[in-house]
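Chemist: Structure file data.cif (mmCIF, C-alpha atoms) is given on the next line.
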data_run
#
loop_
_atom_site.label_atom_id
_atom_site.label_comp_id
_atom_site.auth_asym_id
_atom_site.auth_seq_id
_atom_site.Cartn_x
_atom_site.Cartn_y
_atom_site.Cartn_z
CA MET U 184 14.18 -5.65 3.29
CA LYS U 185 14.74 -2.34 1.51
CA MET U 186 16.88 0.42 3.04
CA GLY U 187 14.85 2.59 5.41
CA GLU U 188 11.90 0.18 5.53
CA ASN U 189 10.50 -0.62 8.96
CA ILE U 190 10.36 -4.16 10.32
CA ILE U 191 6.58 -3.79 10.75
CA GLU U 192 6.13 -3.96 6.95
CA GLN U 193 7.74 -7.39 6.83
CA ILE U 194 5.69 -9.22 9.45
CA GLU U 195 2.08 -10.25 9.78
CA PRO U 196 0.59 -10.44 12.33
CA ILE U 197 2.28 -7.68 14.30
CA VAL U 198 4.25 -9.26 17.13
CA GLU U 199 5.67 -7.94 20.38
CA GLY U 200 9.06 -6.35 19.77
CA SER U 201 8.24 -5.15 16.23
CA LYS U 202 9.60 -1.72 15.27
CA LEU U 203 7.28 0.94 13.89
CA GLY U 204 9.04 4.20 13.10
CA ASN U 205 10.50 5.40 16.40
CA TYR U 206 8.41 2.96 18.45
CA ILE U 207 8.76 -0.61 19.67
CA ILE U 208 5.40 -2.42 19.77
CA SER U 209 4.64 -4.28 23.00
CA LYS U 210 1.68 -6.08 24.59
CA THR U 211 -1.99 -5.69 23.65
CA ILE U 212 -3.80 -3.33 26.02
CA GLY U 213 -7.18 -3.13 24.28
CA GLU U 214 -9.30 -4.32 21.38
CA GLY U 215 -11.99 -2.71 19.26
CA THR U 216 -14.08 -3.04 16.11
CA PHE U 217 -11.28 -2.43 13.59
CA GLY U 218 -8.23 -3.72 15.43
CA LYS U 219 -6.20 -3.64 18.62
CA VAL U 220 -4.47 -1.15 20.87
CA ARG U 221 -0.91 -2.08 21.79
CA LEU U 222 1.54 -0.52 24.19
CA GLY U 223 4.41 1.22 22.43
CA ILE U 224 7.72 2.56 23.68
CA HIS U 225 9.45 5.50 21.98
CA THR U 226 13.00 4.32 21.22
CA LEU U 227 14.69 7.65 22.06
CA THR U 228 12.71 8.88 25.09
CA ASN U 229 11.32 5.57 26.49
CA GLU U 230 7.91 7.30 26.69
CA LYS U 231 4.98 4.88 26.77
CA VAL U 232 2.36 5.43 24.07
CA ALA U 233 -0.80 3.67 22.98
CA VAL U 234 -0.63 2.38 19.41
CA LYS U 235 -4.12 1.97 17.98
CA ILE U 236 -3.87 -0.40 15.01
CA LEU U 237 -6.72 -0.17 12.52
CA GLU U 238 -6.80 -2.98 9.97
CA LYS U 239 -7.73 -1.42 6.63
CA ASP U 240 -9.50 -4.54 5.37
CA LYS U 241 -12.01 -4.21 8.26
CA ILE U 242 -12.90 -0.62 7.27
CA LYS U 243 -15.11 -1.48 4.31
CA GLU U 244 -18.36 0.45 4.47
CA ILE U 245 -18.68 4.19 3.81
CA ALA U 246 -20.01 4.72 7.35
CA ASP U 247 -16.87 3.08 8.77
CA VAL U 248 -14.58 5.26 6.63
CA GLU U 249 -16.49 8.35 7.77
CA ARG U 250 -16.22 7.27 11.42
CA VAL U 251 -12.45 6.79 11.21
CA THR U 252 -12.02 10.06 9.28
CA ARG U 253 -14.11 11.91 11.88
CA GLU U 254 -12.04 10.41 14.74
CA ILE U 255 -8.80 11.58 13.10
CA PHE U 256 -10.21 15.07 12.48
CA ILE U 257 -11.46 15.46 16.05
CA LEU U 258 -8.30 14.09 17.68
CA LYS U 259 -6.10 16.42 15.60
CA LEU U 260 -8.29 19.40 16.49
CA ILE U 261 -8.88 18.99 20.23
CA ARG U 262 -6.36 19.71 22.99
CA HIS U 263 -7.86 18.96 26.41
CA PRO U 264 -6.46 17.36 29.60
CA HIS U 265 -9.31 14.80 29.68
CA ILE U 266 -9.01 13.70 26.04
CA ILE U 267 -6.18 11.48 24.84
CA GLN U 268 -3.71 13.30 22.60
CA LEU U 269 -3.00 11.99 19.10
CA TYR U 270 0.74 12.31 18.42
CA GLU U 271 1.17 10.78 14.98
CA ILE U 272 -0.49 8.61 12.32
CA ILE U 273 1.56 6.03 10.44
CA GLU U 274 0.07 4.32 7.39
CA THR U 275 1.21 1.04 5.87
CA PRO U 276 -0.40 -0.93 3.04
CA LYS U 277 -2.46 -3.02 5.51
CA ASN U 278 -2.88 -0.82 8.59
CA LEU U 279 -3.32 2.63 10.06
CA PHE U 280 -1.40 3.21 13.29
CA PHE U 281 -2.55 5.98 15.64
CA ILE U 282 0.27 6.87 18.03
CA MET U 283 -1.51 8.27 21.07
CA GLU U 284 -0.94 9.38 24.62
CA HIS U 285 -0.90 6.43 27.04
#
Rewrite the structure of this file - the entire thing - as structure tokens.

Modeler:
Amino acid sequence: MKMGENIIEQIEPIVEGSKLGNYIISKTIGEGTFGKVRLGIHTLTNEKVAVKILEKDKIKEIADVERVTREIFILKLIRHPHIIQLYEIIETPKNLFFIMEH
């Protein structure tokens, strides 16, 4: 493993206890068209987050790319108490990770 590289880059599939940036990946809490949603714990604050994992190889068609792009745009734009907040997006060669309010 190279210096500064996250554990998540070295494993496939993503397993419970994997480190992703400042987050530890935990159990699966949901599943969708392009991947899963896992519980995450911020390593410094112990805050629970939802980690939406989109598998890039499942986002093939133009309509799918547009849908994901639109979701990112809307989540970055909107701040509302009834809409989940997007905190961060982490990209790896195989996945997109949306770090979101739990």

Chemist: From the set U:Pro276, U:Thr211, U:Glu284, U:Ile245, which residue has the shortest atom-to-atom contact distance to Glu230 in chain U, counting all atoms listed in the file?

Modeler: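 Among the listed residues, the smallest separation from Glu230 in chain U belongs to U:Glu284.
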
Chemist: Just want the 7 Å neighbourhood of Glu199 in chain U, counted on all atoms listed in the file, with same-chain residues fewer than 6 positions away dropped. Output as an MDAnalysis selection string.

Modeler: chainID U and resid 208:210

Chemist: I need the chosen residues saved as a tab-separated table (two decimals), keeping the file's coordinate frame, with C-alpha atoms.

Modeler:
chain	number	residue	atom	x	y	z
U	208	ILE	CA	5.40	-2.42	19.77
U	209	SER	CA	4.64	-4.28	23.00
U	210	LYS	CA	1.68	-6.08	24.59

Chemist: Between U:Phe281, U:Ile224, U:Thr275, U:Asp240, single out the one closest to Leu258 in chain U, counting only C-alpha atoms.

Modeler: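 Of all the options, U:Phe281 lies closest to Leu258 in chain U.
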
Chemist: On this structure, the PyMOL selection byres ((chain U and resi 231) around 10) would catch which residues? List them as a VMD selection string, sorted by chain and number.

Modeler: chain U and resid 206 to 207 209 222 to 226 228 to 230 232 to 234 283 to 285

Chemist: Just so the selection is clear, what residues does the PyMOL selection byres ((chain U and resi 271) around 7) cover here, as a list in words?

Modeler: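 Matching residues under the PyMOL selection byres ((chain U and resi 271) around 7) are Leu269, Tyr270, Ile272, Ile273, Phe281 and Ile282 of chain U.
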
Chemist: To one decimal place, how far is CA of Leu203 in chain U from CA of Lys243 in chain U in Å?

Modeler: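 One can read the CA of Leu203 in chain U to CA of Lys243 in chain U distance as 24.5 Å.
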
Chemist: Take CA of Thr252 in chain U and CA of Lys235 in chain U and report the distance between them in Å, one decimal.

Modeler: 14.3 Å

Chemist: Determine the nearest neighbour of Val198 in chain U from the options U:Glu214, U:Lys219, U:Ile266, U:Leu237, counting all atoms listed in the file.

Modeler: U:Lys219

Chemist: Find the distance between CA of Arg221 in chain U and CA of Ile236 in chain U and write it in Å to one decimal.

Modeler: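 Between these atoms lies a distance of 7.6 Å.
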
Chemist: Could you work out an axis-aligned box for range 214-217 of chain U, taking every atom the file lists and adding 3 Å on each side, and report centre and edge lengths in Å to one decimal, as JSON?

Modeler:
{"center_x": -11.7, "center_y": -3.4, "center_z": 17.5, "size_x": 10.8, "size_y": 7.9, "size_z": 13.8}

Chemist: So which residues touch Glu238 in chain U within 10 Å, counting only C-alpha atoms, skipping near sequence neighbours fewer than 4 positions away, as a JSON list (two decimals) with C-alpha atoms, in the coordinates of the input?

Modeler:
[["chain", "number", "residue", "atom", "x", "y", "z"],
["U", 216, "THR", "CA", -14.08, -3.04, 16.11],
["U", 217, "PHE", "CA", -11.28, -2.43, 13.59],
["U", 218, "GLY", "CA", -8.23, -3.72, 15.43],
["U", 219, "LYS", "CA", -6.20, -3.64, 18.62],
["U", 242, "ILE", "CA", -12.90, -0.62, 7.27],
["U", 275, "THR", "CA", 1.21, 1.04, 5.87],
["U", 276, "PRO", "CA", -0.40, -0.93, 3.04],
["U", 277, "LYS", "CA", -2.46, -3.02, 5.51],
["U", 278, "ASN", "CA", -2.88, -0.82, 8.59],
["U", 279, "LEU", "CA", -3.32, 2.63, 10.06],
["U", 280, "PHE", "CA", -1.40, 3.21, 13.29]]
